[in-house]
$ cat model.txt   # compact mmCIF, C-alpha atoms
# COMPACT_ATOMS: atom_id res chain seq x y z
CA MET A 174 -0.47 22.63 -22.76
CA TRP A 175 0.93 19.14 -23.29
CA ASP A 176 4.56 19.33 -24.32
CA ARG A 177 5.45 15.78 -25.24
CA ASN A 178 9.02 16.56 -26.29
CA ARG A 179 10.50 18.85 -23.66
CA ALA A 180 11.73 15.96 -21.46
CA GLU A 181 14.18 15.01 -24.20
CA SER A 182 16.30 17.98 -23.23
CA TYR A 183 16.21 17.73 -19.40
CA PRO A 184 19.84 17.60 -18.23
CA LEU A 185 19.65 14.92 -15.51
CA HIS A 186 20.03 11.24 -16.42
CA ARG A 187 18.07 8.68 -14.42
CA ARG A 188 20.90 6.18 -13.94
CA ASP A 189 23.24 8.91 -12.62
CA VAL A 190 20.59 10.20 -10.23
CA VAL A 191 19.80 6.79 -8.77
CA GLU A 192 23.44 5.73 -8.48
CA HIS A 193 24.24 9.00 -6.74
CA LEU A 194 21.39 8.49 -4.26
CA ILE A 195 21.84 4.85 -3.29
CA LYS A 196 25.38 3.69 -4.07
CA ASP A 197 27.05 2.54 -0.85
CA MET A 198 23.98 3.61 1.17
CA ASP A 199 23.55 0.06 2.37
CA ASP A 200 21.36 0.92 5.37
CA LEU A 201 18.57 2.36 3.24
CA LEU A 202 15.38 0.34 2.91
CA ILE A 203 14.46 0.87 -0.73
CA VAL A 204 11.24 0.22 -2.63
CA ALA A 205 11.66 0.68 -6.39
CA GLY A 206 8.60 1.20 -8.58
CA LEU A 207 7.85 -1.00 -11.56
CA GLY A 208 9.68 -0.55 -14.82
CA ALA A 209 12.59 1.78 -15.25
CA PRO A 210 13.04 2.77 -11.56
CA ALA A 211 13.51 -0.92 -10.70
CA TRP A 212 15.99 -1.32 -13.55
CA ASP A 213 17.80 1.82 -12.30
CA THR A 214 18.24 0.53 -8.75
CA THR A 215 19.43 -2.79 -10.18
CA ALA A 216 21.95 -1.00 -12.38
CA ALA A 217 23.25 0.81 -9.29
CA GLY A 218 23.77 -2.58 -7.62
CA ASP A 219 21.08 -5.13 -6.74
CA ARG A 220 20.97 -5.94 -3.03
CA ASP A 221 18.70 -7.66 -0.54
CA LEU A 222 17.32 -4.46 1.02
CA ILE A 223 16.02 -3.22 -2.32
CA TYR A 224 12.51 -4.40 -3.10
CA PRO A 225 12.05 -3.91 -6.85
CA LEU A 226 8.53 -4.16 -8.23
CA TRP A 227 7.46 -5.83 -11.47
CA GLY A 228 3.84 -4.83 -10.93
CA ALA A 229 1.76 -3.16 -8.19
CA MET A 230 1.39 -0.03 -10.28
CA GLY A 231 0.08 2.79 -8.12
CA GLY A 232 1.14 1.04 -4.92
CA THR A 233 4.83 1.82 -4.54
CA ALA A 234 4.48 4.75 -2.16
CA MET A 235 2.04 2.79 0.02
CA ILE A 236 4.44 -0.15 0.25
CA GLY A 237 6.92 2.47 1.44
CA LEU A 238 4.46 3.72 4.06
CA GLY A 239 3.86 0.23 5.47
CA LEU A 240 7.61 -0.33 5.64
CA ALA A 241 8.26 3.08 7.22
CA LEU A 242 5.63 2.50 9.93
CA SER A 243 7.11 -0.94 10.64
CA GLN A 244 10.70 0.31 10.85
CA PRO A 245 10.54 3.81 12.35
CA GLU A 246 14.28 3.83 13.12
CA ARG A 247 15.30 3.12 9.52
CA ARG A 248 15.27 5.46 6.51
CA VAL A 249 12.86 4.24 3.84
CA LEU A 250 13.41 5.51 0.31
CA VAL A 251 10.75 5.06 -2.36
CA ILE A 252 12.09 5.53 -5.89
CA THR A 253 9.40 5.47 -8.50
CA GLY A 254 8.20 6.99 -11.75
CA ASP A 255 5.63 9.59 -12.69
CA GLY A 256 3.22 7.02 -14.15
CA ASP A 257 3.15 5.00 -10.94
CA MET A 258 2.78 8.12 -8.80
CA LEU A 259 -0.05 9.46 -10.94
CA MET A 260 -1.92 6.18 -10.51
CA GLY A 261 -1.48 6.36 -6.73
CA MET A 262 -2.00 10.06 -6.18
CA GLY A 263 -4.53 9.42 -3.41
CA SER A 264 -1.78 7.71 -1.43
CA LEU A 265 -0.12 11.12 -1.00
CA ALA A 266 -3.12 12.16 1.07
CA THR A 267 -2.93 8.94 3.07
CA ILE A 268 0.81 9.28 3.72
CA ALA A 269 0.66 12.97 4.62
CA LEU A 270 -1.91 12.22 7.29
CA GLN A 271 0.44 9.63 8.88
CA ARG A 272 3.49 11.93 8.75
CA PRO A 273 6.17 9.19 8.71
CA SER A 274 9.36 11.06 9.61
CA ASN A 275 11.57 8.35 8.07
CA LEU A 276 9.98 8.20 4.60
CA SER A 277 11.37 9.88 1.47
CA ILE A 278 9.62 9.58 -1.88
CA VAL A 279 11.57 10.32 -5.04
CA VAL A 280 9.72 10.45 -8.34
CA LEU A 281 11.93 10.09 -11.41
CA ASP A 282 9.82 12.15 -13.77
CA ASN A 283 10.57 11.69 -17.48
CA GLU A 284 6.97 12.63 -18.32
CA ARG A 285 6.59 9.26 -20.07
CA TYR A 286 5.19 5.77 -19.64
CA GLY A 287 8.52 4.08 -20.36
CA GLU A 288 7.51 0.40 -20.39
CA THR A 289 4.68 0.82 -22.86
CA GLY A 290 6.42 2.84 -25.56
CA MET A 291 7.31 6.21 -24.04
CA GLN A 292 3.85 7.75 -24.32
CA ALA A 293 3.55 11.13 -22.61
CA THR A 294 2.03 11.31 -19.12
CA HIS A 295 0.07 14.10 -17.47
CA THR A 296 3.27 15.61 -16.04
CA ALA A 297 4.20 16.63 -19.61
CA GLY A 298 1.14 18.81 -19.22
CA PRO A 299 -0.05 20.95 -16.34
CA VAL A 300 0.18 18.37 -13.55
CA ASP A 301 2.70 19.28 -10.84
CA LEU A 302 3.17 16.27 -8.55
CA ALA A 303 5.20 18.21 -5.97
CA ALA A 304 2.38 20.75 -5.69
CA VAL A 305 -0.08 17.89 -5.24
CA ALA A 306 2.07 16.45 -2.45
CA HIS A 307 2.41 19.85 -0.84
CA SER A 308 -1.34 20.40 -0.97
CA CYS A 309 -1.85 17.02 0.66
CA GLY A 310 0.34 18.08 3.58
CA PHE A 311 3.95 17.24 2.70
CA GLU A 312 5.75 20.26 4.13
CA GLN A 313 8.83 19.50 2.06
CA ALA A 314 7.90 18.84 -1.55
CA ALA A 315 9.90 20.19 -4.47
CA THR A 316 10.81 19.63 -8.10
CA LEU A 317 14.49 19.43 -9.07
CA TYR A 318 15.60 20.28 -12.59
CA ASP A 319 19.40 20.20 -12.68
CA GLU A 320 22.54 18.87 -11.04
CA GLU A 321 22.97 21.82 -8.71
CA GLU A 322 19.44 21.51 -7.32
CA PHE A 323 19.80 17.74 -7.04
CA ASP A 324 23.16 17.93 -5.21
CA HIS A 325 21.73 20.49 -2.83
CA ALA A 326 18.67 18.34 -2.06
CA THR A 327 20.46 14.99 -1.73
CA PRO A 328 21.31 15.24 2.00
CA THR A 329 17.69 16.17 2.72
CA ILE A 330 16.38 13.23 0.69
CA LEU A 331 18.63 10.83 2.58
CA GLU A 332 18.50 12.27 6.08
CA GLY A 333 15.89 15.03 6.33
CA GLU A 334 12.79 14.96 8.52
CA GLY A 335 10.04 13.23 6.58
CA PRO A 336 7.71 12.77 5.01
CA LEU A 337 9.66 14.13 2.04
CA PHE A 338 8.63 14.30 -1.59
CA PHE A 339 10.96 15.16 -4.44
CA VAL A 340 10.21 15.09 -8.14
CA ILE A 341 13.40 14.87 -10.18
CA LYS A 342 12.91 15.85 -13.80
CA ILE A 343 15.02 13.43 -15.86
CA ARG A 344 15.71 13.11 -19.54
CA ALA A 345 13.31 10.95 -21.56
CA GLU A 346 15.70 8.20 -22.63
CA ASP A 347 15.81 4.44 -22.65
CA PRO A 348 18.98 3.09 -21.05
CA PRO A 349 19.82 -0.63 -21.39
CA LEU A 350 17.69 -3.04 -19.35
CA VAL A 351 19.31 -4.25 -16.13
CA LEU A 352 16.79 -6.60 -14.58
CA PRO A 353 16.42 -7.62 -10.93
CA PRO A 354 15.20 -11.09 -9.91
CA ARG A 355 11.53 -11.41 -10.81
CA ASP A 356 10.17 -13.93 -8.30
CA GLY A 357 8.09 -11.93 -5.81
CA ALA A 358 8.37 -14.41 -2.96
CA HIS A 359 12.15 -14.53 -3.33
CA LEU A 360 12.38 -10.74 -3.30
CA LYS A 361 10.21 -10.55 -0.19
CA ASP A 362 12.04 -13.31 1.66
CA ARG A 363 15.51 -11.99 0.92
CA PHE A 364 14.45 -8.52 2.12
CA ARG A 365 12.97 -9.87 5.37
CA MET A 366 15.94 -12.12 6.02
CA ALA A 367 18.37 -9.23 5.54
CA LEU A 368 16.29 -6.94 7.75
CA LEU A 369 14.90 -9.26 10.42
CA GLY A 370 17.39 -12.14 10.46
CA SER A 371 17.22 -15.45 8.67
CA GLU A 372 14.91 -17.16 11.17
CA LYS A 373 12.20 -14.52 11.60
CA GLY A 374 12.56 -13.55 7.97
CA VAL A 375 11.08 -16.75 6.65
CA ASN A 376 9.33 -18.11 9.73
CA PRO A 377 6.83 -15.55 11.05
CA ALA A 378 5.85 -17.77 13.97
CA ALA A 379 9.44 -17.71 15.26
CA MET B 1152 -32.90 -6.63 18.02
CA THR B 1153 -32.19 -5.26 21.47
CA ASP B 1154 -30.53 -2.01 22.56
CA THR B 1155 -27.51 -3.87 23.94
CA PRO B 1156 -24.49 -3.02 21.76
CA ALA B 1157 -23.19 -6.00 19.82
CA THR B 1158 -20.03 -7.55 21.22
CA TRP B 1159 -18.62 -8.84 17.92
CA PRO B 1160 -16.51 -5.72 17.16
CA LYS B 1161 -14.83 -6.10 20.56
CA ASP B 1162 -14.33 -9.81 19.97
CA ILE B 1163 -12.64 -9.09 16.64
CA TYR B 1164 -10.46 -6.42 18.24
CA ALA B 1165 -9.39 -8.88 20.95
CA ALA B 1166 -8.58 -11.46 18.27
CA LEU B 1167 -6.48 -8.93 16.33
CA LYS B 1168 -4.57 -8.03 19.50
CA ALA B 1169 -3.91 -11.72 20.20
CA LEU B 1170 -2.66 -12.10 16.61
CA ASP B 1171 -0.17 -9.25 17.20
CA VAL B 1172 -1.74 -7.07 14.51
CA HIS B 1173 -0.24 -3.57 14.53
CA HIS B 1174 -1.35 -1.95 11.28
CA VAL B 1175 -5.02 -1.46 10.45
CA PRO B 1176 -5.58 0.38 7.17
CA TYR B 1177 -9.24 1.00 6.46
CA VAL B 1178 -11.87 2.63 4.34
CA PRO B 1179 -14.72 3.36 6.74
CA ASP B 1180 -17.92 1.39 6.75
CA ALA B 1181 -20.84 1.81 9.10
CA GLY B 1182 -20.45 -1.83 10.11
CA HIS B 1183 -16.80 -1.35 11.03
CA THR B 1184 -17.34 1.85 13.05
CA ARG B 1185 -16.77 0.39 16.51
CA LEU B 1186 -13.81 -1.75 15.47
CA ILE B 1187 -12.16 1.24 13.77
CA ASP B 1188 -12.69 3.35 16.90
CA LEU B 1189 -11.11 0.65 19.05
CA CYS B 1190 -8.08 0.49 16.74
CA LEU B 1191 -7.74 4.30 16.52
CA GLY B 1192 -7.77 4.45 20.32
CA ASP B 1193 -5.01 1.86 20.69
CA ASN B 1194 -1.54 3.41 20.98
CA GLU B 1195 0.11 0.17 19.90
CA MET B 1196 -1.83 0.17 16.63
CA SER B 1197 -1.53 2.35 13.55
CA ALA B 1198 -5.07 2.70 12.17
CA VAL B 1199 -4.61 4.28 8.76
CA PRO B 1200 -7.52 5.82 6.82
CA LEU B 1201 -7.14 5.24 3.08
CA THR B 1202 -8.47 7.09 0.06
CA THR B 1203 -9.10 3.76 -1.70
CA GLU B 1204 -8.86 0.18 -0.55
CA GLU B 1205 -5.99 -0.88 -2.85
CA GLU B 1206 -3.71 1.44 -0.89
CA GLY B 1207 -4.23 -0.84 2.09
CA VAL B 1208 -3.24 -3.95 0.14
CA ALA B 1209 0.02 -2.31 -0.93
CA MET B 1210 0.63 -0.89 2.54
CA LEU B 1211 0.31 -4.30 4.19
CA ALA B 1212 2.91 -5.75 1.81
CA GLY B 1213 5.25 -3.04 3.10
CA SER B 1214 4.24 -3.70 6.70
CA TRP B 1215 5.15 -7.36 6.31
CA LEU B 1216 8.44 -6.52 4.63
CA GLY B 1217 9.24 -4.50 7.73
CA GLY B 1218 8.16 -7.24 10.13
CA LYS B 1219 4.71 -6.07 11.25
CA ARG B 1220 1.33 -7.72 10.85
CA GLY B 1221 -1.71 -5.85 9.65
CA THR B 1222 -5.35 -6.27 8.71
CA LEU B 1223 -7.34 -4.41 6.05
CA LEU B 1224 -10.87 -3.32 6.98
CA MET B 1225 -13.27 -2.52 4.17
CA GLN B 1226 -16.79 -2.83 2.86
CA SER B 1227 -17.63 -5.31 0.10
CA SER B 1228 -17.70 -2.57 -2.54
CA GLY B 1229 -13.96 -2.13 -1.92
CA ILE B 1230 -13.08 -5.67 -3.00
CA GLY B 1231 -13.10 -4.73 -6.67
CA ASN B 1232 -10.98 -1.63 -6.10
CA CYS B 1233 -8.08 -3.89 -5.12
CA VAL B 1234 -8.07 -6.61 -7.76
CA ASN B 1235 -4.76 -5.88 -9.51
CA MET B 1236 -3.00 -5.16 -6.21
CA TYR B 1237 -3.95 -8.63 -4.96
CA SER B 1238 -1.42 -9.90 -7.55
CA THR B 1239 1.39 -8.34 -5.53
CA ILE B 1240 0.28 -10.33 -2.49
CA LYS B 1241 -0.18 -13.57 -4.40
CA VAL B 1242 3.07 -13.39 -6.37
CA GLY B 1243 5.01 -12.39 -3.26
CA ARG B 1244 3.34 -15.09 -1.15
CA TYR B 1245 2.53 -12.48 1.45
CA PRO B 1246 -0.01 -13.03 4.20
CA LEU B 1247 -3.10 -10.86 3.89
CA LEU B 1248 -5.99 -10.80 6.34
CA THR B 1249 -8.95 -8.65 5.36
CA LEU B 1250 -12.23 -8.26 7.25
CA ILE B 1251 -15.05 -7.22 4.95
CA THR B 1252 -18.45 -5.99 6.05
CA MET B 1253 -20.98 -7.11 3.50
CA ARG B 1254 -23.43 -5.01 1.55
CA GLY B 1255 -25.54 -6.24 -1.30
CA GLN B 1256 -26.91 -9.33 0.36
CA TRP B 1257 -29.30 -9.64 3.33
CA GLY B 1258 -32.02 -6.99 3.15
CA GLU B 1259 -30.04 -4.66 0.82
CA ALA B 1260 -32.13 -1.67 -0.26
CA ASN B 1261 -29.51 -0.07 -2.56
CA PRO B 1262 -29.32 -1.86 -5.90
CA TRP B 1263 -25.90 -0.31 -6.65
CA GLN B 1264 -24.42 -2.46 -3.86
CA LEU B 1265 -25.62 -5.72 -5.36
CA PRO B 1266 -23.03 -6.39 -8.13
CA MET B 1267 -20.02 -6.34 -5.79
CA GLY B 1268 -21.86 -7.86 -2.84
CA GLN B 1269 -23.23 -10.79 -4.82
CA ASN B 1270 -19.86 -11.52 -6.45
CA ALA B 1271 -17.63 -10.84 -3.45
CA ALA B 1272 -16.67 -14.41 -2.57
CA GLU B 1273 -16.09 -15.43 -6.18
CA ILE B 1274 -13.87 -12.43 -6.96
CA LEU B 1275 -11.85 -13.07 -3.82
CA ARG B 1276 -11.42 -16.76 -4.60
CA LEU B 1277 -10.36 -16.01 -8.17
CA SER B 1278 -7.80 -13.58 -6.74
CA GLY B 1279 -6.30 -16.25 -4.48
CA PHE B 1280 -8.13 -15.84 -1.17
CA GLN B 1281 -9.50 -18.38 1.22
CA VAL B 1282 -12.92 -17.03 2.10
CA PHE B 1283 -14.49 -17.42 5.54
CA SER B 1284 -18.11 -16.37 6.15
CA LEU B 1285 -19.06 -14.86 9.47
CA ASP B 1286 -22.81 -15.41 9.72
CA GLU B 1287 -23.20 -15.76 13.49
CA ALA B 1288 -21.98 -12.82 15.57
CA GLU B 1289 -20.82 -15.05 18.42
CA MET B 1290 -18.32 -16.75 16.07
CA ALA B 1291 -16.51 -13.49 15.26
CA GLY B 1292 -13.48 -13.89 17.51
CA GLU B 1293 -12.98 -17.53 16.64
CA ILE B 1294 -13.18 -17.00 12.87
CA VAL B 1295 -10.79 -14.05 12.88
CA SER B 1296 -8.34 -15.99 15.05
CA ALA B 1297 -8.47 -19.00 12.75
CA GLY B 1298 -8.20 -16.86 9.62
CA GLY B 1299 -5.33 -14.89 11.08
CA ARG B 1300 -3.36 -18.01 11.97
CA THR B 1301 -3.70 -19.26 8.41
CA ALA B 1302 -2.81 -15.87 6.98
CA PHE B 1303 0.20 -15.03 9.12
CA GLU B 1304 1.66 -18.46 9.80
CA ALA B 1305 0.98 -20.11 6.45
CA ASN B 1306 1.47 -16.98 4.31
CA GLN B 1307 -2.03 -17.10 2.86
CA MET B 1308 -4.60 -14.60 1.65
CA VAL B 1309 -7.66 -14.81 3.90
CA ALA B 1310 -10.88 -12.82 3.69
CA VAL B 1311 -13.56 -12.88 6.38
CA LEU B 1312 -16.92 -11.77 5.02
CA ILE B 1313 -19.03 -10.35 7.84
CA SER B 1314 -22.62 -11.02 6.83
CA GLN B 1315 -25.14 -8.24 6.52
CA ARG B 1316 -27.21 -10.27 9.00
CA VAL B 1317 -24.49 -9.64 11.59
CA VAL B 1318 -23.82 -6.02 10.62
CA GLY B 1319 -27.47 -5.06 10.11
CA SER B 1320 -28.89 -3.68 6.87
CA LYS B 1321 -28.94 0.03 6.24
CA ALA B 1322 -32.31 1.80 6.42
CA PHE B 1323 -32.85 4.60 3.89
CA ALA B 1324 -36.33 5.55 5.02
CA PRO B 1325 -38.54 4.79 7.99
CA ALA B 1326 -40.79 1.84 7.24
CA GLU B 1327 -43.95 3.91 7.51
CA ALA B 1328 -42.75 6.23 4.71
CA ASN B 1329 -43.15 3.40 2.21

$ encode --input "model.txt" --output "structure tokens"
Amino acid sequence: MWDRNRAESYPLHRRDVVEHLIKDMDDLLIVAGLGAPAWDTTAAGDRDLIYPLWGAMGGTAMIGLGLALSQPERRVLVITGDGDMLMGMGSLATIALQRPSNLSIVVLDNERYGETGMQATHTAGPVDLAAVAHSCGFEQAATLYDEEEFDHATPTILEGEGPLFFVIKIRAEDPPLVLPPRDGAHLKDRFRMALLGSEKGVNPAA
Amino acid sequence: MTDTPATWPKDIYAALKALDVHHVPYVPDAGHTRLIDLCLGDNEMSAVPLTTEEEGVAMLAGSWLGGKRGTLLMQSSGIGNCVNMYSTIKVGRYPLLTLITMRGQWGEANPWQLPMGQNAAEILRLSGFQVFSLDEAEMAGEIVSAGGRTAFEANQMVAVLISQRVVGSKAFAPAEAN
């Protein structure tokens, strides 16, 4: 079974989901996976404590783990896509073993590789990423299909005891590009300066 | 060889503590066994077992974003598993310190280890690393300290290759069997 069209009729829209999750949530430390998730967080309002990726495919959740272990008092939200999560599926095992209570992972699952021409991914077939996460040891792992389920889960995603893993099935669509800055060192430095202060942010010996 | 346990793993551990390293992602290697045990036993450190080495590269970018220093421990065969993820480190001008126990060089008896082992330094240099070779066990602490300073204070990618002469080569069969 590989239904390459069904995502065209999923009711949730990616830009609405991301805006609903992060708008005005300025304390969140956000890592946004490459491609559309990074354009989505930018569309919701680019800010220093969002680290949008232009590469690192397969690594988004692990960047989130490193950040969560460094900042145990802060909520870390990873927002990524199904293609990135499929490439880094082993990281679910690694993260579950660490049990970071402040880490939430949200997979915007349109069952497509959006940046390369909307080819179908494995989640258009039998692969259930939430079940994978649950099997790895995420006690809270679920798939959300509509607005009611998403609204109900939102407080858990933002404040629940982690590690949390939510797949949100979103419509396969191609909203307009809204691009974040693309210089990696700038993105890193602005994040560290906003989090750690301007001196320590750019001068690790300080 | 004597029965006295080598001191180089302890020397590296002491150097990592002095460098304020808190996160130690690793894929196990026989040569790293004692260092991994020291890190796992340290309440101030998070020693994180990985399913593949590239997870550790990504994790340490996140660690640095959050203000913590880390070091990736792996065997030379892991170098190639990380190649695309090194781009994240290079483009972001992140520090990265990795300590790599070598296979595929001195006295290697497994031919499958040779391609990565023989090309380790070149692949790392092409990926943007400064490569330090640790060939004398007594230099371990000093080399890791020097590499760590360059990594963390100059935002550089630094790899320390721990020679198979220091680690010891793996025996697959007692000598008399051959």

$ residues_around --input "model.txt" --residues "stretch 215-230 of chain A" --least-positions-apart "5" --cutoff "7 Å" --atoms "all atoms listed in the file" --output "count of residues only"
21

$ atom_distance --input "model.txt" --atom1 "atom CA of B:Asn1235" --atom2 "atom CA of B:Leu1277"
11.7 Å

$ closest_atom_pairs --input "model.txt" --of "chain B" --to "chain A" --cutoff "8 Å" --atoms "all atoms listed in the file" --output "JSON lines"
{"residue": "B:Val1199", "atom": "CA", "partner": "A:Gln271", "partner_atom": "CA", "distance": 7.4}
{"residue": "B:Pro1200", "atom": "CA", "partner": "A:Thr267", "partner_atom": "CA", "distance": 6.7}
{"residue": "B:Leu1201", "atom": "CA", "partner": "A:Thr267", "partner_atom": "CA", "distance": 5.6}
{"residue": "B:Thr1202", "atom": "CA", "partner": "A:Gly263", "partner_atom": "CA", "distance": 5.7}
{"residue": "B:Thr1203", "atom": "CA", "partner": "A:Gly263", "partner_atom": "CA", "distance": 7.5}
{"residue": "B:Glu1205", "atom": "CA", "partner": "A:Gly232", "partner_atom": "CA", "distance": 7.7}
{"residue": "B:Glu1206", "atom": "CA", "partner": "A:Met235", "partner_atom": "CA", "distance": 6.0}
{"residue": "B:Gly1207", "atom": "CA", "partner": "A:Met235", "partner_atom": "CA", "distance": 7.5}
{"residue": "B:Ala1209", "atom": "CA", "partner": "A:Ile236", "partner_atom": "CA", "distance": 5.1}
{"residue": "B:Met1210", "atom": "CA", "partner": "A:Gly239", "partner_atom": "CA", "distance": 4.5}
{"residue": "B:Leu1211", "atom": "CA", "partner": "A:Gly239", "partner_atom": "CA", "distance": 5.9}
{"residue": "B:Ala1212", "atom": "CA", "partner": "A:Ile236", "partner_atom": "CA", "distance": 6.0}
{"residue": "B:Gly1213", "atom": "CA", "partner": "A:Ile236", "partner_atom": "CA", "distance": 4.1}
{"residue": "B:Ser1214", "atom": "CA", "partner": "A:Gly239", "partner_atom": "CA", "distance": 4.1}
{"residue": "B:Trp1215", "atom": "CA", "partner": "A:Leu240", "partner_atom": "CA", "distance": 7.5}
{"residue": "B:Leu1216", "atom": "CA", "partner": "A:Arg365", "partner_atom": "CA", "distance": 5.7}
{"residue": "B:Gly1217", "atom": "CA", "partner": "A:Leu240", "partner_atom": "CA", "distance": 4.9}
{"residue": "B:Gly1218", "atom": "CA", "partner": "A:Ser243", "partner_atom": "CA", "distance": 6.4}
{"residue": "B:Lys1219", "atom": "CA", "partner": "A:Ser243", "partner_atom": "CA", "distance": 5.7}
{"residue": "B:Asn1235", "atom": "CA", "partner": "A:Ala229", "partner_atom": "CA", "distance": 7.2}
{"residue": "B:Met1236", "atom": "CA", "partner": "A:Ala229", "partner_atom": "CA", "distance": 5.5}
{"residue": "B:Ser1238", "atom": "CA", "partner": "A:Ala229", "partner_atom": "CA", "distance": 7.5}
{"residue": "B:Thr1239", "atom": "CA", "partner": "A:Ala229", "partner_atom": "CA", "distance": 5.8}
{"residue": "B:Val1242", "atom": "CA", "partner": "A:Gly357", "partner_atom": "CA", "distance": 5.3}
{"residue": "B:Gly1243", "atom": "CA", "partner": "A:Ala358", "partner_atom": "CA", "distance": 3.9}
{"residue": "B:Arg1244", "atom": "CA", "partner": "A:Ala358", "partner_atom": "CA", "distance": 5.4}
{"residue": "B:Tyr1245", "atom": "CA", "partner": "A:Ala358", "partner_atom": "CA", "distance": 7.6}
{"residue": "B:Phe1303", "atom": "CA", "partner": "A:Pro377", "partner_atom": "CA", "distance": 6.9}
{"residue": "B:Glu1304", "atom": "CA", "partner": "A:Ala378", "partner_atom": "CA", "distance": 6.0}

$ atom_distance --input "model.txt" --atom1 "atom CA of A:Leu250" --atom2 "atom CA of A:Gln313"
14.8 Å

$ atom_distance --input "model.txt" --atom1 "atom CA of A:Met174" --atom2 "atom CA of A:Ala326"
28.5 Å

$ residues_around --input "model.txt" --residues "B:Ile1230" --least-positions-apart "5" --cutoff "10 Å" --atoms "all atoms listed in the file" --output "list in words"
Glu1204, Glu1205, Met1225, Tyr1237, Thr1249, Ile1251, Met1267, Gly1268, Asn1270, Ala1271, Ala1272, Ile1274 and Leu1275 of chain B

$ closest_residue --input "model.txt" --among "B:Leu1186, B:Leu1224, B:Ala1165, B:Val1317" --to "B:Gly1292" --atoms "all atoms listed in the file"
B:Ala1165

$ residues_around --input "model.txt" --residues "stretch 277-287 of chain A" --least-positions-apart "5" --cutoff "6 Å" --atoms "only C-alpha atoms" --output "list in words"
Ala180, Leu250, Val251, Ile252, Thr253, Gly254, Asp255, Gly256, Gln292, Ala293, Thr294, Thr296, Ala297, Pro336, Leu337, Phe338, Phe339, Val340, Ile341, Lys342, Ile343, Arg344 and Ala345 of chain A

$ closest_residue --input "model.txt" --among "A:Gly370, A:Arg188, A:Leu259, A:Thr289" --to "A:Ala306" --atoms "all atoms listed in the file"
A:Leu259

$ closest_residue --input "model.txt" --among "A:Glu312, A:Glu322, A:Asp347, A:Glu288" --to "A:Glu334" --atoms "only C-alpha atoms"
A:Glu312

$ closest_residue --input "model.txt" --among "B:Met1308, B:Met1253, B:Ile1313, B:Val1175" --to "B:Met1290" --atoms "only C-alpha atoms"
B:Ile1313

$ axis_aligned_box --input "model.txt" --around "stretch 246-261 of chain A" --padding-each-side "8 Å" --output "AutoDock Vina command-line options"
--center_x 6.7 --center_y 6.4 --center_z -0.5 --size_x 33.2 --size_y 22.5 --size_z 43.3

$ residues_around --input "model.txt" --residues "B:Ala1181" --least-positions-apart "2" --cutoff "12 Å" --atoms "all atoms listed in the file" --output "PyMOL selection string"
chain B and resi 1160+1177-1179+1183-1188+1224-1227+1251-1254+1315+1318-1322

$ residues_around --input "model.txt" --residues "B:Gln1264" --least-positions-apart "5" --cutoff "9 Å" --atoms "only C-alpha atoms" --output "PyMOL selection string"
chain B and resi 1227-1228+1254-1256+1259+1269

$ closest_residue --input "model.txt" --among "A:Val249, A:Asn178, A:Ala269, A:Leu185" --to "A:Asp200" --atoms "only C-alpha atoms"
A:Val249
